[in-house]
>>> print(open('my_file14.cif').read())   # mmCIF, C-alpha atoms
data_protein
loop_
_atom_site.label_atom_id
_atom_site.label_comp_id
_atom_site.auth_asym_id
_atom_site.auth_seq_id
_atom_site.Cartn_x
_atom_site.Cartn_y
_atom_site.Cartn_z
CA MET A 555 -118.22 -27.22 -165.75
CA CYS A 556 -116.82 -23.75 -165.90
CA THR A 557 -119.58 -21.72 -167.39
CA THR A 558 -117.63 -18.49 -167.46
CA CYS A 559 -115.62 -19.14 -170.60
CA GLY A 560 -116.77 -22.62 -171.58
CA CYS A 561 -113.26 -24.08 -171.30
CA GLY A 562 -114.59 -27.31 -169.85
CA ASP A 563 -112.42 -27.16 -166.72
CA PRO A 564 -113.93 -27.99 -163.37
CA GLU A 565 -114.85 -24.98 -161.30
CA LEU A 566 -113.55 -24.03 -157.88
CA VAL A 567 -116.40 -22.90 -155.69
CA PRO A 568 -116.25 -21.51 -152.20
CA VAL A 569 -119.05 -22.99 -150.08
CA GLU A 570 -119.89 -20.72 -147.17
CA LEU A 571 -121.27 -22.65 -144.22
CA HIS A 572 -120.46 -20.81 -140.96
CA GLU A 573 -121.80 -23.68 -138.92
CA LYS A 574 -120.81 -25.11 -135.58
CA ILE A 575 -118.40 -28.01 -135.73
CA LEU A 576 -120.31 -29.49 -132.82
CA ALA A 577 -123.69 -29.00 -134.51
CA GLY A 578 -124.27 -32.76 -134.47
CA ASN A 579 -123.62 -32.96 -130.73
CA ASP A 580 -125.78 -29.91 -130.09
CA ARG A 581 -128.71 -31.50 -131.94
CA VAL A 582 -128.56 -34.61 -129.76
CA ALA A 583 -128.15 -32.43 -126.67
CA ALA A 584 -131.27 -30.47 -127.58
CA HIS A 585 -133.12 -33.74 -127.95
CA ASN A 586 -131.93 -34.92 -124.51
CA ARG A 587 -132.91 -31.58 -122.97
CA GLU A 588 -136.39 -31.81 -124.43
CA HIS A 589 -136.81 -35.30 -122.95
CA PHE A 590 -135.63 -34.21 -119.51
CA ARG A 591 -137.89 -31.18 -119.43
CA GLU A 592 -140.96 -33.03 -120.69
CA SER A 593 -140.51 -35.56 -117.93
CA GLY A 594 -139.89 -32.93 -115.27
CA VAL A 595 -136.37 -34.21 -114.64
CA LEU A 596 -133.68 -31.75 -113.62
CA ALA A 597 -130.46 -32.81 -115.38
CA LEU A 598 -127.22 -31.49 -113.92
CA ASN A 599 -123.81 -31.88 -115.53
CA ILE A 600 -121.30 -32.32 -112.72
CA MET A 601 -117.75 -31.54 -113.76
CA GLY A 602 -114.42 -31.04 -112.00
CA SER A 603 -110.92 -32.43 -111.66
CA PRO A 604 -110.32 -36.05 -110.78
CA GLY A 605 -110.57 -36.19 -107.00
CA SER A 606 -112.44 -32.90 -106.64
CA GLY A 607 -115.21 -34.68 -104.76
CA LYS A 608 -117.92 -35.08 -107.39
CA THR A 609 -118.97 -38.53 -106.26
CA ALA A 610 -118.78 -37.61 -102.57
CA LEU A 611 -120.99 -34.60 -103.26
CA LEU A 612 -123.64 -36.83 -104.80
CA GLU A 613 -123.39 -39.34 -101.96
CA ALA A 614 -123.92 -36.52 -99.48
CA THR A 615 -126.82 -35.23 -101.57
CA ALA A 616 -128.60 -38.55 -101.08
CA ARG A 617 -128.24 -38.07 -97.33
CA VAL A 618 -129.88 -34.64 -97.28
CA MET A 619 -132.51 -35.11 -100.01
CA SER A 620 -134.27 -38.28 -98.99
CA GLY A 621 -137.66 -37.22 -100.35
CA VAL A 622 -136.32 -36.48 -103.81
CA ARG A 623 -135.76 -39.22 -106.38
CA LEU A 624 -132.14 -38.98 -107.44
CA GLY A 625 -130.36 -40.88 -110.17
CA ALA A 626 -127.03 -40.68 -111.90
CA VAL A 627 -124.86 -41.75 -114.75
CA SER A 628 -121.23 -41.70 -113.90
CA ALA A 629 -118.50 -41.48 -116.50
CA ASP A 630 -115.12 -42.96 -116.06
CA LEU A 631 -112.43 -44.07 -118.48
CA ALA A 632 -112.09 -47.58 -117.19
CA THR A 633 -114.08 -48.49 -114.08
CA ASP A 634 -117.60 -48.45 -112.72
CA ASN A 635 -116.40 -47.69 -109.16
CA ASP A 636 -118.23 -44.37 -108.92
CA ALA A 637 -121.51 -45.83 -110.12
CA ARG A 638 -121.19 -48.58 -107.52
CA ARG A 639 -120.45 -46.04 -104.79
CA LEU A 640 -123.55 -44.08 -105.78
CA ALA A 641 -125.73 -47.16 -105.87
CA LYS A 642 -124.55 -48.00 -102.38
CA ALA A 643 -125.51 -44.49 -101.27
CA GLY A 644 -129.02 -45.10 -102.54
CA ILE A 645 -128.73 -43.33 -105.89
CA PRO A 646 -129.73 -45.60 -108.79
CA SER A 647 -126.86 -45.20 -111.18
CA LYS A 648 -125.22 -46.49 -114.25
CA ALA A 649 -121.62 -46.35 -115.37
CA ILE A 650 -120.58 -44.95 -118.73
CA THR A 651 -117.15 -46.23 -119.54
CA THR A 652 -115.67 -43.83 -122.05
CA GLY A 653 -112.54 -45.81 -122.96
CA GLN A 654 -110.00 -43.28 -124.14
CA ALA A 655 -112.44 -40.41 -124.38
CA CYS A 656 -111.74 -37.58 -121.95
CA HIS A 657 -115.30 -36.25 -121.88
CA LEU A 658 -118.92 -37.18 -122.27
CA ASP A 659 -120.87 -36.13 -125.31
CA ALA A 660 -124.60 -35.89 -125.89
CA GLU A 661 -124.75 -39.19 -127.77
CA LEU A 662 -123.10 -41.11 -124.91
CA VAL A 663 -125.62 -39.63 -122.49
CA HIS A 664 -128.48 -40.39 -124.84
CA ARG A 665 -127.41 -44.01 -125.14
CA SER A 666 -127.07 -44.30 -121.37
CA LEU A 667 -130.76 -43.43 -120.99
CA VAL A 668 -131.81 -46.63 -122.70
CA ASP A 669 -132.79 -49.20 -120.04
CA PHE A 670 -132.25 -46.67 -117.25
CA PRO A 671 -135.39 -45.49 -115.42
CA TRP A 672 -134.53 -41.82 -115.75
CA ARG A 673 -138.14 -40.75 -116.30
CA ASP A 674 -138.97 -41.72 -112.73
CA LEU A 675 -136.38 -39.31 -111.34
CA ASP A 676 -136.61 -35.79 -110.00
CA VAL A 677 -132.91 -35.05 -110.37
CA PHE A 678 -130.58 -36.74 -112.83
CA PHE A 679 -126.89 -36.19 -112.19
CA ILE A 680 -124.53 -36.64 -115.09
CA GLU A 681 -121.17 -37.11 -113.43
CA ASN A 682 -118.70 -36.23 -116.14
CA VAL A 683 -115.17 -37.53 -116.60
CA GLY A 684 -112.77 -35.95 -114.11
CA ASN A 685 -111.18 -33.32 -116.30
CA LEU A 686 -111.19 -29.52 -116.27
CA VAL A 687 -110.70 -29.07 -120.01
CA CYS A 688 -112.55 -31.26 -122.48
CA PRO A 689 -116.00 -31.73 -120.91
CA ALA A 690 -116.58 -27.97 -120.91
CA ILE A 691 -117.41 -27.66 -124.59
CA TYR A 692 -119.89 -30.52 -124.94
CA ASP A 693 -123.52 -29.73 -124.31
CA LEU A 694 -125.21 -32.85 -122.96
CA GLY A 695 -128.75 -31.54 -122.61
CA GLN A 696 -128.28 -30.55 -118.98
CA GLU A 697 -130.19 -27.74 -117.32
CA ALA A 698 -127.07 -26.41 -115.62
CA ASN A 699 -123.34 -26.99 -115.33
CA VAL A 700 -121.95 -27.51 -111.86
CA VAL A 701 -118.20 -27.44 -111.33
CA ALA A 702 -116.79 -29.02 -108.19
CA LEU A 703 -113.57 -27.38 -107.03
CA SER A 704 -111.91 -28.69 -103.89
CA VAL A 705 -110.08 -26.40 -101.48
CA THR A 706 -106.93 -28.47 -101.94
CA GLU A 707 -106.64 -27.60 -105.62
CA GLY A 708 -105.21 -24.10 -105.26
CA GLU A 709 -106.87 -20.71 -105.44
CA ASP A 710 -105.71 -19.98 -108.97
CA LYS A 711 -107.34 -23.03 -110.56
CA PRO A 712 -110.07 -20.91 -112.22
CA LEU A 713 -107.45 -18.70 -113.87
CA LYS A 714 -105.72 -21.78 -115.28
CA TYR A 715 -108.92 -23.30 -116.67
CA PRO A 716 -111.02 -20.29 -117.66
CA VAL A 717 -113.18 -22.12 -120.18
CA MET A 718 -114.49 -24.62 -117.66
CA PHE A 719 -115.35 -21.96 -115.09
CA GLN A 720 -116.82 -19.61 -117.65
CA LYS A 721 -119.29 -22.37 -118.54
CA ALA A 722 -120.23 -23.06 -114.92
CA ASP A 723 -123.64 -22.03 -113.67
CA LEU A 724 -122.53 -22.91 -110.17
CA VAL A 725 -119.15 -23.55 -108.58
CA VAL A 726 -119.28 -25.85 -105.58
CA VAL A 727 -116.22 -25.45 -103.40
CA THR A 728 -115.80 -28.86 -101.80
CA LYS A 729 -113.89 -30.30 -98.83
CA CYS A 730 -114.32 -27.08 -96.83
CA ASP A 731 -113.83 -29.02 -93.61
CA LEU A 732 -110.13 -29.11 -94.56
CA VAL A 733 -109.74 -25.34 -94.65
CA PRO A 734 -108.34 -25.05 -91.07
CA HIS A 735 -105.56 -27.45 -92.05
CA LEU A 736 -104.58 -25.65 -95.24
CA ASP A 737 -103.13 -22.34 -96.31
CA VAL A 738 -105.99 -21.76 -98.71
CA ASP A 739 -107.28 -18.20 -98.90
CA MET A 740 -110.97 -18.24 -99.83
CA SER A 741 -111.02 -14.59 -100.85
CA LYS A 742 -108.29 -15.31 -103.40
CA LEU A 743 -110.34 -18.14 -104.78
CA GLU A 744 -113.39 -15.90 -105.11
CA ASP A 745 -111.27 -13.21 -106.71
CA ALA A 746 -109.95 -15.71 -109.27
CA LEU A 747 -113.51 -16.76 -110.12
CA SER A 748 -114.57 -13.14 -110.64
CA ARG A 749 -111.86 -12.85 -113.31
CA VAL A 750 -113.18 -15.73 -115.39
CA MET A 751 -116.92 -15.55 -114.63
CA PRO A 752 -118.91 -12.33 -115.00
CA GLU A 753 -121.45 -13.49 -112.43
CA PRO A 754 -119.81 -16.06 -110.21
CA ARG A 755 -122.12 -18.20 -108.13
CA ILE A 756 -120.37 -20.11 -105.39
CA LEU A 757 -121.43 -22.56 -102.71
CA LYS A 758 -119.01 -23.77 -100.07
CA LEU A 759 -119.59 -27.10 -98.45
CA SER A 760 -118.20 -30.28 -97.03
CA ALA A 761 -119.71 -33.56 -98.10
CA ARG A 762 -117.99 -35.21 -95.14
CA THR A 763 -119.36 -33.03 -92.35
CA GLY A 764 -122.51 -31.91 -94.13
CA GLU A 765 -121.62 -28.24 -93.61
CA GLY A 766 -123.14 -26.11 -96.40
CA MET A 767 -125.22 -28.97 -97.80
CA ASP A 768 -128.43 -27.05 -97.05
CA GLY A 769 -127.34 -24.41 -99.58
CA TRP A 770 -126.73 -27.05 -102.23
CA LYS A 771 -130.09 -28.63 -101.51
CA ALA A 772 -131.77 -25.23 -101.81
CA TRP A 773 -130.02 -24.55 -105.11
CA ILE A 774 -131.21 -27.88 -106.54
CA GLU A 775 -134.77 -27.15 -105.39
CA SER A 776 -134.63 -23.72 -106.97
CA MET A 777 -133.47 -25.22 -110.25
CA ARG A 778 -136.28 -27.74 -110.17
CA ALA A 779 -138.95 -25.09 -109.70
CA PRO A 780 -139.03 -23.73 -113.26
CA ILE A 781 -138.98 -27.26 -114.73
CA LEU A 782 -141.90 -28.36 -112.62
CA GLY A 783 -143.56 -25.02 -113.31
CA ARG A 784 -143.63 -25.86 -116.98
CA ASN A 785 -145.74 -28.91 -116.34
CA THR A 786 -148.37 -28.01 -113.79
CA LYS A 787 -149.57 -25.02 -111.85
CA GLU A 788 -149.76 -27.07 -108.67
CA ALA A 789 -146.18 -28.07 -109.10
CA ARG A 790 -145.25 -24.44 -109.36
CA ALA A 791 -146.96 -23.64 -106.10
CA HIS A 792 -145.19 -26.54 -104.47
CA ALA A 793 -141.81 -25.59 -105.80
CA HIS A 794 -142.19 -22.04 -104.66
CA GLY A 795 -141.79 -23.13 -101.08
CA HIS A 796 -138.15 -23.87 -101.70
CA ALA A 797 -137.26 -21.24 -104.18
CA HIS A 798 -136.01 -18.63 -101.76
CA ALA A 799 -133.79 -20.67 -99.58
CA HIS A 800 -130.58 -18.88 -100.39
CA ASP A 801 -127.35 -19.74 -98.77
CA HIS A 802 -125.41 -16.62 -98.05
CA THR A 803 -121.91 -17.87 -98.03
CA HIS A 804 -120.44 -15.59 -100.60
CA ASP A 805 -120.07 -11.90 -100.27
CA HIS A 806 -119.88 -10.61 -103.79
CA THR A 807 -122.24 -7.79 -104.40
CA HIS A 808 -124.51 -8.37 -107.32
CA ASP A 809 -126.74 -5.53 -108.23
CA HIS A 810 -128.69 -7.18 -110.91
CA THR A 811 -130.23 -5.19 -113.63
CA HIS A 812 -131.99 -6.18 -116.80
CA GLU A 813 -128.92 -7.00 -118.76
CA HIS A 814 -127.95 -10.63 -118.66
CA THR A 815 -125.23 -12.06 -120.77
CA HIS A 816 -126.06 -15.71 -120.74
CA GLY A 817 -127.10 -15.80 -124.36
CA SER A 818 -123.64 -15.38 -125.69
CA THR A 819 -121.66 -17.04 -122.98
CA LYS A 820 -123.36 -20.28 -122.20
CA HIS A 821 -125.30 -23.07 -123.68
CA ALA A 822 -128.88 -22.31 -124.37
CA HIS A 823 -130.57 -22.59 -121.03
CA PRO A 824 -133.94 -21.17 -121.89
CA HIS A 825 -134.99 -21.09 -118.26
CA SER A 826 -132.47 -18.45 -117.48
CA HIS A 827 -133.65 -16.31 -120.35
CA GLU A 828 -137.27 -16.72 -119.49
CA HIS A 829 -136.90 -15.83 -115.89
CA ALA A 830 -133.94 -13.59 -115.82
CA HIS A 831 -135.97 -10.45 -116.07
CA GLU A 832 -138.10 -11.22 -113.11
CA HIS A 833 -135.09 -11.22 -110.93
CA GLY A 834 -134.05 -7.84 -109.79
CA HIS A 835 -131.97 -7.98 -106.66
CA GLY A 836 -130.83 -4.54 -105.79
CA GLY A 837 -132.54 -3.12 -108.85
CA SER A 838 -134.99 -0.40 -107.97
CA GLN A 839 -136.69 -0.45 -111.33
CA GLU A 840 -138.00 -3.99 -111.15
CA GLU A 841 -140.78 -5.67 -109.34
CA HIS A 842 -140.13 -8.71 -107.26
CA ASP A 843 -142.62 -11.03 -108.76
CA HIS A 844 -141.80 -14.45 -107.46
CA GLY A 845 -145.36 -15.55 -107.15
CA ALA A 846 -145.11 -18.42 -109.55
CA GLY A 847 -141.83 -19.76 -108.34
CA ASP A 848 -140.11 -18.43 -111.44
CA HIS A 849 -136.85 -17.78 -109.79
CA GLY A 850 -134.24 -18.36 -112.42
CA HIS A 851 -131.30 -17.46 -110.27
CA ALA A 852 -132.01 -18.93 -106.91
CA GLY A 853 -128.91 -20.28 -105.31
CA SER A 854 -126.80 -17.42 -106.49
CA ASP A 855 -125.29 -15.96 -103.43
CA HIS A 856 -126.20 -12.36 -103.72
CA GLU A 857 -125.81 -9.98 -100.94
CA HIS A 858 -129.29 -8.69 -100.51
CA GLU A 859 -131.91 -8.28 -97.91
CA HIS A 860 -135.33 -9.77 -98.16
CA MET B 722 -107.46 -34.29 -126.41
CA HIS B 723 -111.00 -33.71 -127.55
CA GLU B 724 -109.48 -32.00 -130.61
CA TYR B 725 -109.45 -35.44 -132.24
CA SER B 726 -113.16 -35.96 -131.89
CA LEU B 727 -113.77 -32.41 -133.13
CA VAL B 728 -111.68 -32.98 -136.23
CA GLU B 729 -113.45 -36.26 -136.86
CA ALA B 730 -116.79 -34.43 -136.79
CA LEU B 731 -115.38 -31.71 -139.02
CA ILE B 732 -114.11 -34.07 -141.70
CA ARG B 733 -117.33 -36.06 -141.68
CA ARG B 734 -119.30 -32.85 -142.22
CA VAL B 735 -117.01 -31.67 -145.03
CA GLU B 736 -117.28 -35.02 -146.81
CA GLU B 737 -121.05 -34.94 -146.53
CA GLU B 738 -121.16 -31.48 -148.08
CA ALA B 739 -118.77 -32.51 -150.84
CA ARG B 740 -120.86 -35.56 -151.71
CA GLN B 741 -124.04 -33.52 -151.81
CA ARG B 742 -122.46 -31.19 -154.33
CA SER B 743 -120.72 -33.99 -156.22
CA ALA B 744 -117.37 -32.33 -155.68
CA ILE B 745 -114.36 -33.77 -157.46
CA ALA B 746 -111.89 -32.46 -154.91
CA ILE B 747 -111.63 -30.30 -151.83
CA HIS B 748 -108.93 -27.69 -151.98
CA GLY B 749 -109.22 -26.14 -148.58
CA LEU B 750 -111.34 -25.42 -145.57
CA LYS B 751 -111.50 -22.59 -143.14
CA VAL B 752 -112.38 -22.84 -139.45
CA SER B 753 -112.69 -20.23 -136.71
CA LEU B 754 -111.47 -21.10 -133.24
CA GLY B 755 -112.28 -18.79 -130.35
CA GLU B 756 -109.81 -18.38 -127.54
CA LEU B 757 -112.51 -19.52 -125.11
CA ALA B 758 -113.76 -22.38 -127.26
CA GLY B 759 -111.67 -24.79 -125.24
CA VAL B 760 -109.66 -25.86 -128.25
CA GLU B 761 -105.92 -25.69 -128.70
CA PRO B 762 -105.28 -24.63 -132.34
CA GLU B 763 -102.00 -26.54 -132.60
CA PHE B 764 -103.57 -29.78 -131.35
CA PHE B 765 -106.42 -29.16 -133.74
CA ARG B 766 -104.01 -28.89 -136.66
CA THR B 767 -102.11 -32.00 -135.60
CA ALA B 768 -105.36 -33.89 -135.31
CA TYR B 769 -106.34 -32.70 -138.78
CA GLU B 770 -103.03 -33.85 -140.28
CA THR B 771 -103.60 -37.27 -138.74
CA PHE B 772 -107.22 -37.72 -139.66
CA ARG B 773 -107.34 -36.35 -143.17
CA GLU B 774 -105.42 -39.27 -144.67
CA GLY B 775 -107.67 -41.42 -146.77
CA THR B 776 -110.52 -38.92 -146.65
CA LEU B 777 -111.76 -36.39 -149.20
CA CYS B 778 -109.80 -33.80 -147.20
CA GLU B 779 -106.49 -35.53 -147.90
CA LYS B 780 -105.22 -32.67 -150.07
CA ALA B 781 -107.23 -29.88 -148.48
CA ALA B 782 -105.32 -27.13 -146.71
CA LEU B 783 -106.66 -26.11 -143.31
CA GLU B 784 -106.92 -22.43 -142.53
CA ILE B 785 -107.45 -21.59 -138.86
CA VAL B 786 -108.72 -18.15 -137.91
CA ARG B 787 -108.07 -17.46 -134.25
CA CYS B 788 -110.55 -15.25 -132.44
CA PRO B 789 -109.30 -13.66 -129.22
CA ALA B 790 -111.39 -13.62 -126.03
CA ASP B 791 -113.40 -10.44 -126.18
CA TRP B 792 -115.14 -9.32 -122.98
CA SER B 793 -116.84 -5.94 -122.91
CA CYS B 794 -119.32 -3.93 -120.89
CA PRO B 795 -122.81 -4.24 -122.40
CA VAL B 796 -123.50 -0.59 -121.54
CA CYS B 797 -120.41 1.51 -122.11
CA GLY B 798 -118.65 -1.00 -124.32
CA ARG B 799 -115.30 -0.81 -122.59
CA ALA B 800 -113.11 -3.84 -123.19
CA PHE B 801 -111.68 -6.01 -120.44
CA ALA B 802 -108.12 -7.23 -120.50
CA THR B 803 -107.38 -10.89 -119.79
CA GLY B 804 -107.31 -11.44 -116.03
CA GLU B 805 -109.39 -8.40 -115.16
CA VAL B 806 -112.43 -8.69 -112.87
CA LEU B 807 -115.30 -9.21 -115.31
CA ARG B 808 -117.54 -6.49 -114.01
CA CYS B 809 -117.69 -2.89 -115.21
CA ASP B 810 -117.16 -0.76 -112.12
CA ARG B 811 -118.53 2.34 -113.82
CA CYS B 812 -121.78 0.79 -115.05
CA ASN B 813 -121.95 -1.96 -112.42
CA ARG B 814 -122.70 -4.59 -115.01
CA PRO B 815 -121.27 -8.02 -115.62
CA ALA B 816 -119.07 -8.20 -118.71
CA ARG B 817 -120.42 -9.79 -121.83
CA LEU B 818 -118.50 -12.23 -123.98
CA SER B 819 -118.63 -11.87 -127.75
CA GLU B 820 -119.89 -14.87 -129.64
CA LYS B 821 -116.67 -15.16 -131.63
CA SER B 822 -114.69 -15.73 -128.44
CA GLN B 823 -116.22 -19.18 -128.21
CA ALA B 824 -116.37 -19.88 -131.93
CA LEU B 825 -115.89 -23.44 -133.06
CA LEU B 826 -117.01 -22.98 -136.61
CA LEU B 827 -116.62 -24.50 -140.02
CA GLU B 828 -116.66 -21.29 -142.03
CA SER B 829 -116.20 -22.42 -145.62
CA ILE B 830 -114.97 -25.11 -147.96
CA ASP B 831 -113.24 -24.58 -151.28
CA MET B 832 -114.30 -27.40 -153.51
CA GLU B 833 -113.94 -28.31 -157.14
CA VAL B 834 -117.20 -29.17 -158.81
CA PRO B 835 -117.71 -30.64 -162.28
#
>>> encode(input="my_file14.cif", output="structure tokens")
Amino acid sequence: MCTTCGCGDPELVPVELHEKILAGNDRVAAHNREHFRESGVLALNIMGSPGSGKTALLEATARVMSGVRLGAVSADLATDNDARRLAKAGIPSKAITTGQACHLDAELVHRSLVDFPWRDLDVFFIENVGNLVCPAIYDLGQEANVVALSVTEGEDKPLKYPVMFQKADLVVVTKCDLVPHLDVDMSKLEDALSRVMPEPRILKLSARTGEGMDGWKAWIESMRAPILGRNTKEARAHAHGHAHAHDHTHDHTHDHTHEHTHGSTKHAHPHSHEHAHEHGHGGSQEEHDHGAGDHGHAGSDHEHEH
Amino acid sequence: MHEYSLVEALIRRVEEEARQRSAIAIHGLKVSLGELAGVEPEFFRTAYETFREGTLCEKAALEIVRCPADWSCPVCGRAFATGEVLRCDRCNRPARLSEKSQALLLESIDMEVP
């Protein structure tokens, strides 16, 4: 009832909400993330175009990380082919058939965890639908976003799909064994990434030949360290052994200083906030305190000397 | 075409709010879409036109506020143009993205209450 003049007419009220349209998804994602972290499972969201080599990357990962318990859910519109490929490669996996949906969301991932032994894993790969647009905006509860970009896709791909690359914590350039047969210019590709990502992190590899896979393995180990560190001190000490295995394939100069911009540009990845300040490559004002394996940015290919 | 699932979530949220406040009708809603939110405003509108039928939003006008991508240096504040290398060469810092650039927000609802 309008109380202003008592006319009895209904009242028009503006309700200010200012809330995220994806708030529901983000809540489920936070729940997933909590589960993964509590169980010491590193969850990685693997995105990229159809045919960019996501499944091949995971197959090759199984070959180089035999001591690590890997598992995957693999999303596809209509088939479970990828999940079967992964199972054959020794990665316990489960298909998520999305029907018409072009992306995974946190609820689909959450449901996929039921009757899947994800708690027993060290690394849980969430292989997203092949698509460079839609998956980018859905937080799934992952620790990091990895975007696979094959050398056959064209150097300007990042400029065409800025949102996807801006959300990437790591870009894996795949099928590098094909470079001698192509006209691809790697420096152009790196330049394109630097125009859509303020701090591009790039790994170049070939799942087929195994070239560069050591860098990928080292990056995964470095991402696991802080998760294990949360649980036990011993685990921290163990993880530290791997935390510094950088792969220097990328010659961008990153003089890191205190200012990190992750808060406003990415999903909440608390690990990167917690550890970011202990990471001062090239910064004279910071101490290198890596004693506890707290190396939030390992795997970034900085040009620096140890 | 994830715009459809976004609009579905939006309408569900608006209806929930309207029911909580025992609204008689919804006159309009306002959303903010950032340039780097990964959402195409025209698809979003089309999806809204499709989905609102038969919902409490049937007669509600949709206002879309577009927020441009806004990269700037966290130290000197200089703005970066689209396509520029996202690193301030003067301050040697990575550019920072404003929150609004990625906005995907339900800002407000105009509703009629008894």
>>> resolve_selection(input="my_file14.cif", expression="the PyMOL selection byres ((chain A) within 6 of (chain B))", output="PyMOL selection string")
chain A and resi 555+564-575+688+717+748-749+752+815+818-819
>>> atom_distance(input="my_file14.cif", atom1="atom CA of A:Thr609", atom2="atom CA of A:Thr728")
11.1 Å
>>> resolve_selection(input="my_file14.cif", expression="the PyMOL selection byres ((chain A and resi 757-759) around 8)", output="VMD selection string")
chain A and resid 724 to 731 755 to 756 760 to 761 764 to 767 769 to 770 801 803 to 804 855
>>> atom_distance(input="my_file14.cif", atom1="atom CA of A:Arg623", atom2="atom CA of A:Ala583")
22.7 Å
>>> closest_residue(input="my_file14.cif", among="A:Arg587, A:Val701, A:Leu662, A:Gln720", to="A:Phe678", atoms="only C-alpha atoms")
A:Arg587
>>> residues_around(input="my_file14.cif", residues="A:Thr652", least_positions_apart="5", cutoff="9 Å", atoms="all atoms listed in the file", output="MDAnalysis selection string")
chainID A and resid 629:632 657:658 662 683
>>> resolve_selection(input="my_file14.cif", expression="the PyMOL selection byres ((chain A and resi 616) around 12)", output="ChimeraX atom specification")
/A:609-615,617-626,639-646,677,679,761,764,767,770-771
>>> closest_residue(input="my_file14.cif", among="A:His664, A:Lys721, A:Arg581, A:Arg673", to="A:Ile600", atoms="all atoms listed in the file")
A:Lys721
>>> closest_residue(input="my_file14.cif", among="A:Gln696, A:Ser647, A:Thr706, A:Asn579", to="A:Gly605", atoms="all atoms listed in the file")
A:Thr706
>>> atom_distance(input="my_file14.cif", atom1="atom CA of B:Leu754", atom2="atom CA of B:Arg787")
5.1 Å
>>> residues_around(input="my_file14.cif", residues="A:Phe719", least_positions_apart="6", cutoff="7 Å", atoms="all atoms listed in the file", output="list of chain:residue names")
A:Pro712, A:Val750, A:Met751
>>> residues_around(input="my_file14.cif", residues="B:Arg811", least_positions_apart="5", cutoff="10 Å", atoms="only C-alpha atoms", output="PyMOL selection string")
chain B and resi 794+796-797+799
